[in-house]
file entry.pdb (PDB, C-alpha atoms)
ATOM      1  CA  MET A   1     257.679  85.913 106.815  1.00  0.00           C
ATOM      2  CA  GLU A   2     259.978  82.935 106.236  1.00  0.00           C
ATOM      3  CA  LEU A   3     258.782  79.864 108.113  1.00  0.00           C
ATOM      4  CA  LEU A   4     262.305  78.578 108.837  1.00  0.00           C
ATOM      5  CA  GLY A   5     264.373  81.751 108.690  1.00  0.00           C
ATOM      6  CA  GLY A   6     267.797  81.285 110.295  1.00  0.00           C
ATOM      7  CA  LYS A   7     267.228  77.626 111.138  1.00  0.00           C
ATOM      8  CA  VAL A   8     269.416  74.657 110.272  1.00  0.00           C
ATOM      9  CA  VAL A   9     267.592  71.626 108.886  1.00  0.00           C
ATOM     10  CA  LEU A  10     269.209  68.179 108.764  1.00  0.00           C
ATOM     11  CA  ILE A  11     267.588  65.741 106.338  1.00  0.00           C
ATOM     12  CA  THR A  12     268.581  62.087 106.160  1.00  0.00           C
ATOM     13  CA  GLY A  13     267.800  60.514 102.826  1.00  0.00           C
ATOM     14  CA  GLY A  14     268.167  64.098 101.683  1.00  0.00           C
ATOM     15  CA  ALA A  15     269.183  63.193  98.137  1.00  0.00           C
ATOM     16  CA  GLY A  16     266.023  61.143  97.567  1.00  0.00           C
ATOM     17  CA  ALA A  17     262.855  62.465  95.998  1.00  0.00           C
ATOM     18  CA  ILE A  18     261.005  63.536  99.151  1.00  0.00           C
ATOM     19  CA  GLY A  19     264.184  64.474 101.027  1.00  0.00           C
ATOM     20  CA  LEU A  20     265.433  66.748  98.258  1.00  0.00           C
ATOM     21  CA  ALA A  21     262.007  68.291  97.690  1.00  0.00           C
ATOM     22  CA  THR A  22     261.899  69.086 101.406  1.00  0.00           C
ATOM     23  CA  ALA A  23     265.405  70.545 101.321  1.00  0.00           C
ATOM     24  CA  LEU A  24     264.448  72.846  98.447  1.00  0.00           C
ATOM     25  CA  ARG A  25     261.237  73.886 100.201  1.00  0.00           C
ATOM     26  CA  ALA A  26     263.036  74.514 103.499  1.00  0.00           C
ATOM     27  CA  ALA A  27     265.632  76.621 101.718  1.00  0.00           C
ATOM     28  CA  THR A  28     262.939  78.824 100.197  1.00  0.00           C
ATOM     29  CA  GLU A  29     261.721  79.396 103.752  1.00  0.00           C
ATOM     30  CA  GLY A  30     265.119  80.691 104.882  1.00  0.00           C
ATOM     31  CA  ALA A  31     266.725  77.536 106.273  1.00  0.00           C
ATOM     32  CA  SER A  32     270.280  76.307 105.854  1.00  0.00           C
ATOM     33  CA  VAL A  33     270.109  72.653 104.857  1.00  0.00           C
ATOM     34  CA  ALA A  34     272.415  69.737 105.628  1.00  0.00           C
ATOM     35  CA  ILE A  35     271.868  66.863 103.204  1.00  0.00           C
ATOM     36  CA  ALA A  36     272.766  63.396 104.491  1.00  0.00           C
ATOM     37  CA  ASP A  37     272.594  60.314 102.318  1.00  0.00           C
ATOM     38  CA  VAL A  38     274.367  57.014 101.768  1.00  0.00           C
ATOM     39  CA  ARG A  39     275.532  57.564  98.173  1.00  0.00           C
ATOM     40  CA  PRO A  40     278.224  60.177  97.528  1.00  0.00           C
ATOM     41  CA  GLU A  41     277.233  60.786  93.911  1.00  0.00           C
ATOM     42  CA  ARG A  42     273.633  61.510  94.883  1.00  0.00           C
ATOM     43  CA  ILE A  43     274.769  63.824  97.652  1.00  0.00           C
ATOM     44  CA  ALA A  44     276.929  65.809  95.242  1.00  0.00           C
ATOM     45  CA  ALA A  45     274.055  66.154  92.765  1.00  0.00           C
ATOM     46  CA  ALA A  46     271.639  67.247  95.480  1.00  0.00           C
ATOM     47  CA  VAL A  47     274.038  69.826  96.889  1.00  0.00           C
ATOM     48  CA  GLU A  48     274.695  71.187  93.392  1.00  0.00           C
ATOM     49  CA  ARG A  49     270.970  71.553  92.763  1.00  0.00           C
ATOM     50  CA  LEU A  50     270.404  73.290  96.093  1.00  0.00           C
ATOM     51  CA  ARG A  51     273.265  75.708  95.587  1.00  0.00           C
ATOM     52  CA  ALA A  52     272.031  76.473  92.090  1.00  0.00           C
ATOM     53  CA  ALA A  53     268.749  77.446  93.725  1.00  0.00           C
ATOM     54  CA  GLY A  54     270.615  79.791  96.076  1.00  0.00           C
ATOM     55  CA  ALA A  55     270.479  77.621  99.176  1.00  0.00           C
ATOM     56  CA  THR A  56     273.068  77.496 101.927  1.00  0.00           C
ATOM     57  CA  THR A  57     273.780  73.791 102.145  1.00  0.00           C
ATOM     58  CA  SER A  58     276.263  71.059 102.970  1.00  0.00           C
ATOM     59  CA  GLY A  59     276.458  67.402 102.001  1.00  0.00           C
ATOM     60  CA  HIS A  60     277.293  64.509 104.305  1.00  0.00           C
ATOM     61  CA  GLU A  61     277.668  60.775 103.774  1.00  0.00           C
ATOM     62  CA  VAL A  62     275.962  58.647 106.408  1.00  0.00           C
ATOM     63  CA  ASP A  63     274.865  55.088 107.111  1.00  0.00           C
ATOM     64  CA  VAL A  64     271.834  55.576 109.341  1.00  0.00           C
ATOM     65  CA  THR A  65     272.092  51.997 110.627  1.00  0.00           C
ATOM     66  CA  SER A  66     275.497  52.758 112.185  1.00  0.00           C
ATOM     67  CA  GLU A  67     275.661  54.526 115.541  1.00  0.00           C
ATOM     68  CA  ALA A  68     279.186  55.754 114.843  1.00  0.00           C
ATOM     69  CA  SER A  69     278.252  57.085 111.393  1.00  0.00           C
ATOM     70  CA  VAL A  70     275.196  58.933 112.696  1.00  0.00           C
ATOM     71  CA  ASP A  71     277.109  60.428 115.623  1.00  0.00           C
ATOM     72  CA  GLN A  72     279.818  61.623 113.221  1.00  0.00           C
ATOM     73  CA  LEU A  73     277.172  63.146 110.949  1.00  0.00           C
ATOM     74  CA  VAL A  74     275.657  65.169 113.752  1.00  0.00           C
ATOM     75  CA  SER A  75     279.079  66.258 114.978  1.00  0.00           C
ATOM     76  CA  ASP A  76     280.025  67.392 111.464  1.00  0.00           C
ATOM     77  CA  VAL A  77     276.775  69.317 110.936  1.00  0.00           C
ATOM     78  CA  LEU A  78     277.117  71.050 114.303  1.00  0.00           C
ATOM     79  CA  ALA A  79     280.718  71.972 113.494  1.00  0.00           C
ATOM     80  CA  GLU A  80     279.787  73.387 110.081  1.00  0.00           C
ATOM     81  CA  HIS A  81     276.459  75.052 110.851  1.00  0.00           C
ATOM     82  CA  GLY A  82     276.664  75.670 114.593  1.00  0.00           C
ATOM     83  CA  ARG A  83     273.286  74.164 115.449  1.00  0.00           C
ATOM     84  CA  ILE A  84     270.572  71.755 114.338  1.00  0.00           C
ATOM     85  CA  ASP A  85     267.057  73.119 114.715  1.00  0.00           C
ATOM     86  CA  VAL A  86     265.163  70.554 112.651  1.00  0.00           C
ATOM     87  CA  LEU A  87     265.671  66.867 111.865  1.00  0.00           C
ATOM     88  CA  PHE A  88     263.688  65.135 109.132  1.00  0.00           C
ATOM     89  CA  THR A  89     264.337  61.396 108.853  1.00  0.00           C
ATOM     90  CA  SER A  90     263.563  60.712 105.204  1.00  0.00           C
ATOM     91  CA  ALA A  91     265.974  57.790 104.729  1.00  0.00           C
ATOM     92  CA  GLY A  92     264.132  54.551 104.083  1.00  0.00           C
ATOM     93  CA  VAL A  93     264.000  51.258 102.198  1.00  0.00           C
ATOM     94  CA  LEU A  94     261.148  49.076 100.960  1.00  0.00           C
ATOM     95  CA  VAL A  95     261.564  45.352 100.427  1.00  0.00           C
ATOM     96  CA  SER A  96     258.458  43.494  99.278  1.00  0.00           C
ATOM     97  CA  GLY A  97     257.420  40.118 100.628  1.00  0.00           C
ATOM     98  CA  SER A  98     255.121  38.359 103.050  1.00  0.00           C
ATOM     99  CA  ALA A  99     256.563  36.961 106.264  1.00  0.00           C
ATOM    100  CA  THR A 100     257.442  33.631 104.657  1.00  0.00           C
ATOM    101  CA  GLU A 101     258.889  35.374 101.591  1.00  0.00           C
ATOM    102  CA  THR A 102     261.061  37.819 103.544  1.00  0.00           C
ATOM    103  CA  SER A 103     264.590  36.749 104.374  1.00  0.00           C
ATOM    104  CA  VAL A 104     266.055  37.537 107.756  1.00  0.00           C
ATOM    105  CA  ALA A 105     268.636  39.725 106.020  1.00  0.00           C
ATOM    106  CA  ASP A 106     265.932  41.804 104.298  1.00  0.00           C
ATOM    107  CA  TRP A 107     263.968  42.039 107.559  1.00  0.00           C
ATOM    108  CA  GLN A 108     267.013  43.275 109.461  1.00  0.00           C
ATOM    109  CA  ARG A 109     267.969  45.747 106.743  1.00  0.00           C
ATOM    110  CA  THR A 110     264.450  47.197 106.630  1.00  0.00           C
ATOM    111  CA  ILE A 111     264.185  47.519 110.401  1.00  0.00           C
ATOM    112  CA  GLY A 112     267.749  48.843 110.523  1.00  0.00           C
ATOM    113  CA  VAL A 113     267.248  51.667 108.037  1.00  0.00           C
ATOM    114  CA  ASN A 114     263.650  52.633 108.729  1.00  0.00           C
ATOM    115  CA  LEU A 115     263.309  52.176 112.476  1.00  0.00           C
ATOM    116  CA  THR A 116     266.770  51.921 114.033  1.00  0.00           C
ATOM    117  CA  GLY A 117     267.978  54.677 111.706  1.00  0.00           C
ATOM    118  CA  SER A 118     265.209  56.997 112.905  1.00  0.00           C
ATOM    119  CA  PHE A 119     266.049  56.182 116.524  1.00  0.00           C
ATOM    120  CA  LEU A 120     269.785  56.751 116.093  1.00  0.00           C
ATOM    121  CA  CYS A 121     269.318  60.066 114.293  1.00  0.00           C
ATOM    122  CA  ALA A 122     266.790  61.387 116.803  1.00  0.00           C
ATOM    123  CA  ARG A 123     268.948  60.277 119.724  1.00  0.00           C
ATOM    124  CA  ALA A 124     272.001  61.977 118.232  1.00  0.00           C
ATOM    125  CA  VAL A 125     270.376  65.399 117.698  1.00  0.00           C
ATOM    126  CA  LEU A 126     268.382  65.558 120.928  1.00  0.00           C
ATOM    127  CA  PRO A 127     271.196  66.682 123.278  1.00  0.00           C
ATOM    128  CA  SER A 128     272.094  69.722 121.167  1.00  0.00           C
ATOM    129  CA  MET A 129     268.434  70.620 120.637  1.00  0.00           C
ATOM    130  CA  VAL A 130     267.702  70.429 124.355  1.00  0.00           C
ATOM    131  CA  ALA A 131     270.827  72.460 125.162  1.00  0.00           C
ATOM    132  CA  ALA A 132     269.796  75.117 122.630  1.00  0.00           C
ATOM    133  CA  GLY A 133     266.331  75.389 124.154  1.00  0.00           C
ATOM    134  CA  GLY A 134     264.306  73.638 121.502  1.00  0.00           C
ATOM    135  CA  GLY A 135     263.937  72.015 118.141  1.00  0.00           C
ATOM    136  CA  ALA A 136     261.620  70.014 115.922  1.00  0.00           C
ATOM    137  CA  ILE A 137     261.895  66.422 114.757  1.00  0.00           C
ATOM    138  CA  VAL A 138     259.774  65.013 111.939  1.00  0.00           C
ATOM    139  CA  LEU A 139     259.942  61.248 111.520  1.00  0.00           C
ATOM    140  CA  MET A 140     258.960  59.656 108.233  1.00  0.00           C
ATOM    141  CA  SER A 141     256.499  56.822 108.663  1.00  0.00           C
ATOM    142  CA  SER A 142     253.935  55.752 106.069  1.00  0.00           C
ATOM    143  CA  THR A 143     250.308  54.827 105.685  1.00  0.00           C
ATOM    144  CA  SER A 144     251.768  51.301 105.866  1.00  0.00           C
ATOM    145  CA  GLY A 145     252.501  52.091 109.509  1.00  0.00           C
ATOM    146  CA  LEU A 146     248.789  52.721 110.054  1.00  0.00           C
ATOM    147  CA  VAL A 147     247.100  50.036 107.960  1.00  0.00           C
ATOM    148  CA  ALA A 148     248.532  46.756 106.733  1.00  0.00           C
ATOM    149  CA  GLU A 149     249.458  46.396 103.070  1.00  0.00           C
ATOM    150  CA  PRO A 150     249.852  43.054 101.270  1.00  0.00           C
ATOM    151  CA  ALA A 151     253.332  41.579 100.851  1.00  0.00           C
ATOM    152  CA  THR A 152     255.184  44.224 102.870  1.00  0.00           C
ATOM    153  CA  ALA A 153     255.746  42.513 106.227  1.00  0.00           C
ATOM    154  CA  ALA A 154     259.063  44.140 107.100  1.00  0.00           C
ATOM    155  CA  TYR A 155     258.085  47.561 105.793  1.00  0.00           C
ATOM    156  CA  CYS A 156     254.776  47.674 107.688  1.00  0.00           C
ATOM    157  CA  ALA A 157     256.465  46.557 110.903  1.00  0.00           C
ATOM    158  CA  SER A 158     259.226  49.121 110.561  1.00  0.00           C
ATOM    159  CA  LYS A 159     256.908  52.017 109.787  1.00  0.00           C
ATOM    160  CA  GLY A 160     254.537  51.093 112.619  1.00  0.00           C
ATOM    161  CA  GLY A 161     257.550  51.197 114.909  1.00  0.00           C
ATOM    162  CA  VAL A 162     258.540  54.644 113.636  1.00  0.00           C
ATOM    163  CA  LEU A 163     255.053  55.929 114.399  1.00  0.00           C
ATOM    164  CA  MET A 164     255.218  54.801 118.021  1.00  0.00           C
ATOM    165  CA  LEU A 165     258.818  55.965 118.371  1.00  0.00           C
ATOM    166  CA  GLY A 166     257.716  59.469 117.407  1.00  0.00           C
ATOM    167  CA  ARG A 167     254.876  59.486 119.902  1.00  0.00           C
ATOM    168  CA  GLN A 168     257.132  58.210 122.668  1.00  0.00           C
ATOM    169  CA  LEU A 169     259.858  60.773 121.947  1.00  0.00           C
ATOM    170  CA  ALA A 170     257.241  63.510 122.137  1.00  0.00           C
ATOM    171  CA  VAL A 171     256.218  62.321 125.602  1.00  0.00           C
ATOM    172  CA  ASP A 172     259.811  62.428 126.859  1.00  0.00           C
ATOM    173  CA  TYR A 173     261.113  65.583 125.173  1.00  0.00           C
ATOM    174  CA  THR A 174     258.321  68.080 124.518  1.00  0.00           C
ATOM    175  CA  ARG A 175     258.702  69.698 127.952  1.00  0.00           C
ATOM    176  CA  ARG A 176     262.418  69.940 127.220  1.00  0.00           C
ATOM    177  CA  GLY A 177     261.680  72.057 124.173  1.00  0.00           C
ATOM    178  CA  VAL A 178     261.695  69.494 121.357  1.00  0.00           C
ATOM    179  CA  ARG A 179     258.516  68.794 119.430  1.00  0.00           C
ATOM    180  CA  VAL A 180     258.316  65.433 117.654  1.00  0.00           C
ATOM    181  CA  ASN A 181     255.764  64.638 114.978  1.00  0.00           C
ATOM    182  CA  VAL A 182     255.305  61.846 112.448  1.00  0.00           C
ATOM    183  CA  ILE A 183     254.286  62.157 108.805  1.00  0.00           C
ATOM    184  CA  CYS A 184     252.610  59.255 107.013  1.00  0.00           C
ATOM    185  CA  PRO A 185     252.630  59.703 103.246  1.00  0.00           C
ATOM    186  CA  GLY A 186     250.556  57.410 101.077  1.00  0.00           C
ATOM    187  CA  TRP A 187     251.316  56.660  97.446  1.00  0.00           C
ATOM    188  CA  ILE A 188     253.827  59.271  96.327  1.00  0.00           C
ATOM    189  CA  ASP A 189     255.103  59.288  92.755  1.00  0.00           C
ATOM    190  CA  THR A 190     258.761  58.409  93.359  1.00  0.00           C
ATOM    191  CA  PRO A 191     261.066  55.489  92.426  1.00  0.00           C
ATOM    192  CA  PHE A 192     260.879  54.385  96.081  1.00  0.00           C
ATOM    193  CA  ASN A 193     257.643  52.528  95.347  1.00  0.00           C
ATOM    194  CA  ASP A 194     259.096  50.527  92.450  1.00  0.00           C
ATOM    195  CA  PRO A 195     259.517  47.270  94.454  1.00  0.00           C
ATOM    196  CA  ALA A 196     255.900  47.354  95.618  1.00  0.00           C
ATOM    197  CA  ILE A 197     254.680  48.273  92.139  1.00  0.00           C
ATOM    198  CA  ALA A 198     256.608  45.376  90.624  1.00  0.00           C
ATOM    199  CA  ALA A 199     255.267  42.956  93.235  1.00  0.00           C
ATOM    200  CA  SER A 200     251.691  44.058  92.539  1.00  0.00           C
ATOM    201  CA  GLY A 201     251.862  43.514  88.789  1.00  0.00           C
ATOM    202  CA  GLY A 202     253.582  46.600  87.438  1.00  0.00           C
ATOM    203  CA  ALA A 203     252.637  50.180  86.725  1.00  0.00           C
ATOM    204  CA  GLU A 204     249.658  49.095  84.610  1.00  0.00           C
ATOM    205  CA  ALA A 205     248.066  47.558  87.690  1.00  0.00           C
ATOM    206  CA  LEU A 206     248.809  50.592  89.848  1.00  0.00           C
ATOM    207  CA  GLU A 207     246.737  53.143  87.946  1.00  0.00           C
ATOM    208  CA  PRO A 208     243.337  51.478  88.459  1.00  0.00           C
ATOM    209  CA  PHE A 209     244.253  50.791  92.103  1.00  0.00           C
ATOM    210  CA  ILE A 210     245.007  54.458  92.711  1.00  0.00           C
ATOM    211  CA  ASP A 211     241.842  55.511  90.922  1.00  0.00           C
ATOM    212  CA  ALA A 212     239.707  53.129  92.977  1.00  0.00           C
ATOM    213  CA  MET A 213     241.353  53.527  96.385  1.00  0.00           C
ATOM    214  CA  VAL A 214     242.529  57.128  96.591  1.00  0.00           C
ATOM    215  CA  PRO A 215     239.696  59.682  96.804  1.00  0.00           C
ATOM    216  CA  LEU A 216     241.984  62.335  95.333  1.00  0.00           C
ATOM    217  CA  GLY A 217     242.334  60.103  92.269  1.00  0.00           C
ATOM    218  CA  ARG A 218     246.094  60.349  91.889  1.00  0.00           C
ATOM    219  CA  GLN A 219     249.433  59.773  93.604  1.00  0.00           C
ATOM    220  CA  GLY A 220     250.945  62.581  95.606  1.00  0.00           C
ATOM    221  CA  ARG A 221     254.026  64.520  94.585  1.00  0.00           C
ATOM    222  CA  PRO A 222     257.216  64.858  96.665  1.00  0.00           C
ATOM    223  CA  GLU A 223     256.677  68.626  96.848  1.00  0.00           C
ATOM    224  CA  GLU A 224     253.297  68.075  98.509  1.00  0.00           C
ATOM    225  CA  VAL A 225     254.885  65.995 101.258  1.00  0.00           C
ATOM    226  CA  ALA A 226     257.607  68.635 101.619  1.00  0.00           C
ATOM    227  CA  ASP A 227     254.987  71.300 102.295  1.00  0.00           C
ATOM    228  CA  VAL A 228     253.658  69.284 105.231  1.00  0.00           C
ATOM    229  CA  VAL A 229     257.118  68.561 106.632  1.00  0.00           C
ATOM    230  CA  VAL A 230     258.081  72.237 106.547  1.00  0.00           C
ATOM    231  CA  PHE A 231     254.853  73.132 108.315  1.00  0.00           C
ATOM    232  CA  LEU A 232     255.576  70.567 111.053  1.00  0.00           C
ATOM    233  CA  ALA A 233     259.125  71.908 111.366  1.00  0.00           C
ATOM    234  CA  SER A 234     257.973  75.500 111.690  1.00  0.00           C
ATOM    235  CA  ASP A 235     256.488  77.453 114.561  1.00  0.00           C
ATOM    236  CA  GLN A 236     253.147  77.458 112.760  1.00  0.00           C
ATOM    237  CA  SER A 237     252.678  73.940 114.172  1.00  0.00           C
ATOM    238  CA  ARG A 238     253.834  74.939 117.672  1.00  0.00           C
ATOM    239  CA  LEU A 239     250.826  73.282 119.343  1.00  0.00           C
ATOM    240  CA  MET A 240     251.510  69.981 117.612  1.00  0.00           C
ATOM    241  CA  THR A 241     253.672  67.298 119.154  1.00  0.00           C
ATOM    242  CA  GLY A 242     253.197  63.548 119.200  1.00  0.00           C
ATOM    243  CA  SER A 243     250.906  64.023 116.202  1.00  0.00           C
ATOM    244  CA  VAL A 244     250.622  61.585 113.326  1.00  0.00           C
ATOM    245  CA  VAL A 245     249.895  63.553 110.166  1.00  0.00           C
ATOM    246  CA  VAL A 246     248.591  61.634 107.158  1.00  0.00           C
ATOM    247  CA  ALA A 247     249.279  62.918 103.634  1.00  0.00           C
ATOM    248  CA  ASP A 248     247.693  60.286 101.422  1.00  0.00           C
ATOM    249  CA  GLY A 249     245.001  61.861  99.257  1.00  0.00           C
ATOM    250  CA  GLY A 250     242.358  60.171 101.424  1.00  0.00           C
ATOM    251  CA  LEU A 251     243.670  56.608 101.002  1.00  0.00           C
ATOM    252  CA  THR A 252     243.198  55.668 104.670  1.00  0.00           C
ATOM    253  CA  SER A 253     239.904  57.530 105.098  1.00  0.00           C
ATOM    254  CA  GLN A 254     237.808  54.717 103.645  1.00  0.00           C
TER     255      GLN A 254
END

call {"tool": "encode", "arguments": {"input": "entry.pdb", "output": "C-alpha cells"}}
result
Amino acid sequence: MELLGGKVVLITGGAGAIGLATALRAATEGASVAIADVRPERIAAAVERLRAAGATTSGHEVDVTSEASVDQLVSDVLAEHGRIDVLFTSAGVLVSGSATETSVADWQRTIGVNLTGSFLCARAVLPSMVAAGGGAIVLMSSTSGLVAEPATAAYCASKGGVLMLGRQLAVDYTRRGVRVNVICPGWIDTPFNDPAIAASGGAEALEPFIDAMVPLGRQGRPEEVADVVVFLASDQSRLMTGSVVVADGGLTSQ
C-alpha cells in the first residue's frame, strides 16, 4: 500500500538535497508534490527530474521570509492541486560564526529563513488543513537545535526555535486534525554543510570528527532523511505529534 497515495505534499527548499530526495520518495508513495524554492533554475531542474521519474509535480518560486510570498505560494498550490495534505519545511540556511563573529544581518537572515520561514509556511497551510479535516506538518530542525555546536550561534538559535515551534503547534492543532512533528538530522552529506566544514578546517578535518563522534561511523544521506519525513507524513505515524525525531547516526546519543 502506498503511504501517501492521493495526498498533496508541499516541500519548501524542495530543490535542495534533502527536499528533492523527500519529493522523490513521496512521489514513489503515491503523492503529488509541489516543489517550492527560491531559485527558479533549481526549481525547473527539480521539476524535470521528478517528472522524468513519473511524478505528478509543480514548481513554485517562494521567499519563505516574506508573508506575502508564502501566502501566494499556498494559494497557488491549492489552486493547482486542490488541497495540501502535508507540509515539509526543508528550506534553510547556515551561516557560521560565534556571537561576536555574527553580523546582525546574518543573524536576521538565519532566523528569517529557518524560524520565521517555518512559522509563515505552517501558518499559511493550517487553515486549509483544518478545513479539510486533517493534515501533517514536518518541520526541519537539526541536532544543532538540541545540542550546541561551536561557531554556529545563529543557526543553533534558529533550529532550537523551530523545535519548540513544532511542539507548540502540535499542542494547538492536533485536536483540530493536524499532526506536527519535528525532524532533527545530524551530519548529512550535502553542500548545505559546506560553511560549517570550511569553518572547522575543511573536509579533511571532518572525516576524523565523524568517525570519532558518530557511532554509525559516517554521514547520513538525503534519502535516509527522506524516509523518516515520509513516515512522519504518513498515517503510519498517526500516534505521533509534537515529537522530535532525531536522525543523526547516534551523534547526540553520547

call {"tool": "atom_distance", "arguments": {"input": "entry.pdb", "atom1": "CA of Gly16 (chain A)", "atom2": "CA of Pro185 (chain A)"}}
result
14.6 Å

call {"tool": "residues_around", "arguments": {"input": "entry.pdb", "residues": "Val147 (chain A)", "least_positions_apart": "3", "cutoff": "10 Å", "atoms": "all atoms listed in the file", "output": "ChimeraX atom specification"}}
result
/A:142-144,156,160,252

call {"tool": "residues_around", "arguments": {"input": "entry.pdb", "residues": "Gly249 (chain A)", "least_positions_apart": "5", "cutoff": "8 Å", "atoms": "all atoms listed in the file", "output": "PyMOL selection string"}}
result
chain A and resi 186+214-220

call {"tool": "write_last_selection", "arguments": {"input": "entry.pdb", "atoms": "C-alpha atoms", "output": "compact mmCIF listing (two decimals), in the frame of the given file"}}
result
# COMPACT_ATOMS: atom_id res chain seq x y z
CA GLY A 186 250.56 57.41 101.08
CA VAL A 214 242.53 57.13 96.59
CA PRO A 215 239.70 59.68 96.80
CA LEU A 216 241.98 62.34 95.33
CA GLY A 217 242.33 60.10 92.27
CA ARG A 218 246.09 60.35 91.89
CA GLN A 219 249.43 59.77 93.60
CA GLY A 220 250.94 62.58 95.61

call {"tool": "residues_around", "arguments": {"input": "entry.pdb", "residues": "Gly145 (chain A)", "least_positions_apart": "6", "cutoff": "8 Å", "atoms": "only C-alpha atoms", "output": "number ranges by chain"}}
result
A: 156-163, 184

call {"tool": "write_last_selection", "arguments": {"input": "entry.pdb", "atoms": "C-alpha atoms", "output": "CSV table (one decimal), in the coordinates of the input"}}
result
chain,number,residue,atom,x,y,z
A,156,CYS,CA,254.8,47.7,107.7
A,157,ALA,CA,256.5,46.6,110.9
A,158,SER,CA,259.2,49.1,110.6
A,159,LYS,CA,256.9,52.0,109.8
A,160,GLY,CA,254.5,51.1,112.6
A,161,GLY,CA,257.6,51.2,114.9
A,162,VAL,CA,258.5,54.6,113.6
A,163,LEU,CA,255.1,55.9,114.4
A,184,CYS,CA,252.6,59.3,107.0

call {"tool": "closest_residue", "arguments": {"input": "entry.pdb", "among": "A:Arg221, A:Leu206, A:Asp189, A:Leu139", "to": "Thr241 (chain A)", "atoms": "all atoms listed in the file"}}
result
A:Leu139

call {"tool": "resolve_selection", "arguments": {"input": "entry.pdb", "expression": "the PyMOL selection byres ((chain A and resi 42-49) around 12)", "output": "JSON, numbers by chain"}}
result
{"A": [11, 12, 13, 14, 15, 16, 17, 18, 19, 20, 21, 22, 23, 24, 27, 32, 33, 34, 35, 36, 37, 38, 39, 40, 41, 50, 51, 52, 53, 54, 55, 56, 57, 58, 59, 60, 61, 62]}

call {"tool": "residues_around", "arguments": {"input": "entry.pdb", "residues": "Arg175 (chain A)", "least_positions_apart": "3", "cutoff": "12 Å", "atoms": "only C-alpha atoms", "output": "PDB file with C-alpha atoms, keeping the file's coordinate frame"}}
result
ATOM      1  CA  VAL A 130     267.702  70.429 124.355  1.00  0.00           C
ATOM      2  CA  GLY A 133     266.331  75.389 124.154  1.00  0.00           C
ATOM      3  CA  GLY A 134     264.306  73.638 121.502  1.00  0.00           C
ATOM      4  CA  GLY A 135     263.937  72.015 118.141  1.00  0.00           C
ATOM      5  CA  LEU A 169     259.858  60.773 121.947  1.00  0.00           C
ATOM      6  CA  ALA A 170     257.241  63.510 122.137  1.00  0.00           C
ATOM      7  CA  VAL A 171     256.218  62.321 125.602  1.00  0.00           C
ATOM      8  CA  ASP A 172     259.811  62.428 126.859  1.00  0.00           C
ATOM      9  CA  VAL A 178     261.695  69.494 121.357  1.00  0.00           C
ATOM     10  CA  ARG A 179     258.516  68.794 119.430  1.00  0.00           C
ATOM     11  CA  VAL A 180     258.316  65.433 117.654  1.00  0.00           C
ATOM     12  CA  THR A 241     253.672  67.298 119.154  1.00  0.00           C
TER      13      THR A 241
END

call {"tool": "resolve_selection", "arguments": {"input": "entry.pdb", "expression": "the PyMOL selection byres ((chain A and resi 235-240) around 10)", "output": "list of chain:residue names"}}
result
A:Leu3, A:Leu4, A:Gly135, A:Ala136, A:Ala170, A:Thr174, A:Arg179, A:Val180, A:Asn181, A:Val230, A:Phe231, A:Leu232, A:Ala233, A:Ser234, A:Thr241, A:Gly242, A:Ser243, A:Val244, A:Val245

call {"tool": "residues_around", "arguments": {"input": "entry.pdb", "residues": "Val95 (chain A)", "least_positions_apart": "2", "cutoff": "8 Å", "atoms": "all atoms listed in the file", "output": "ChimeraX atom specification"}}
result
/A:93,97,106,110,152,154-155,195-196

call {"tool": "closest_residue", "arguments": {"input": "entry.pdb", "among": "A:Val86, A:Phe209, A:Ile188, A:Gly250", "to": "Glu223 (chain A)", "atoms": "all atoms listed in the file"}}
result
A:Ile188

call {"tool": "atom_distance", "arguments": {"input": "entry.pdb", "atom1": "CA of Gln168 (chain A)", "atom2": "CA of Thr116 (chain A)"}}
result
14.4 Å

call {"tool": "atom_distance", "arguments": {"input": "entry.pdb", "atom1": "CA of Gly82 (chain A)", "atom2": "CA of Lys7 (chain A)"}}
result
10.2 Å

call {"tool": "resolve_selection", "arguments": {"input": "entry.pdb", "expression": "the PyMOL selection byres ((chain A and resi 70) around 10)", "output": "PyMOL selection string"}}
result
chain A and resi 12+36+61-69+71-76+117+120-125

call {"tool": "axis_aligned_box", "arguments": {"input": "entry.pdb", "around": "region 235-238 of chain A", "padding_each_side": "4 Å", "output": "lines of an AutoDock Vina configuration file"}}
result
center_x = 254.6
center_y = 75.7
center_z = 115.2
size_x = 11.8
size_y = 11.5
size_z = 12.9

call {"tool": "closest_residue", "arguments": {"input": "entry.pdb", "among": "A:Met164, A:Ala105, A:Val9, A:Ala153", "to": "Arg25 (chain A)", "atoms": "only C-alpha atoms"}}
result
A:Val9

call {"tool": "closest_residue", "arguments": {"input": "entry.pdb", "among": "A:Pro208, A:Gly166, A:Pro191, A:Gly5", "to": "Phe119 (chain A)", "atoms": "only C-alpha atoms"}}
result
A:Gly166
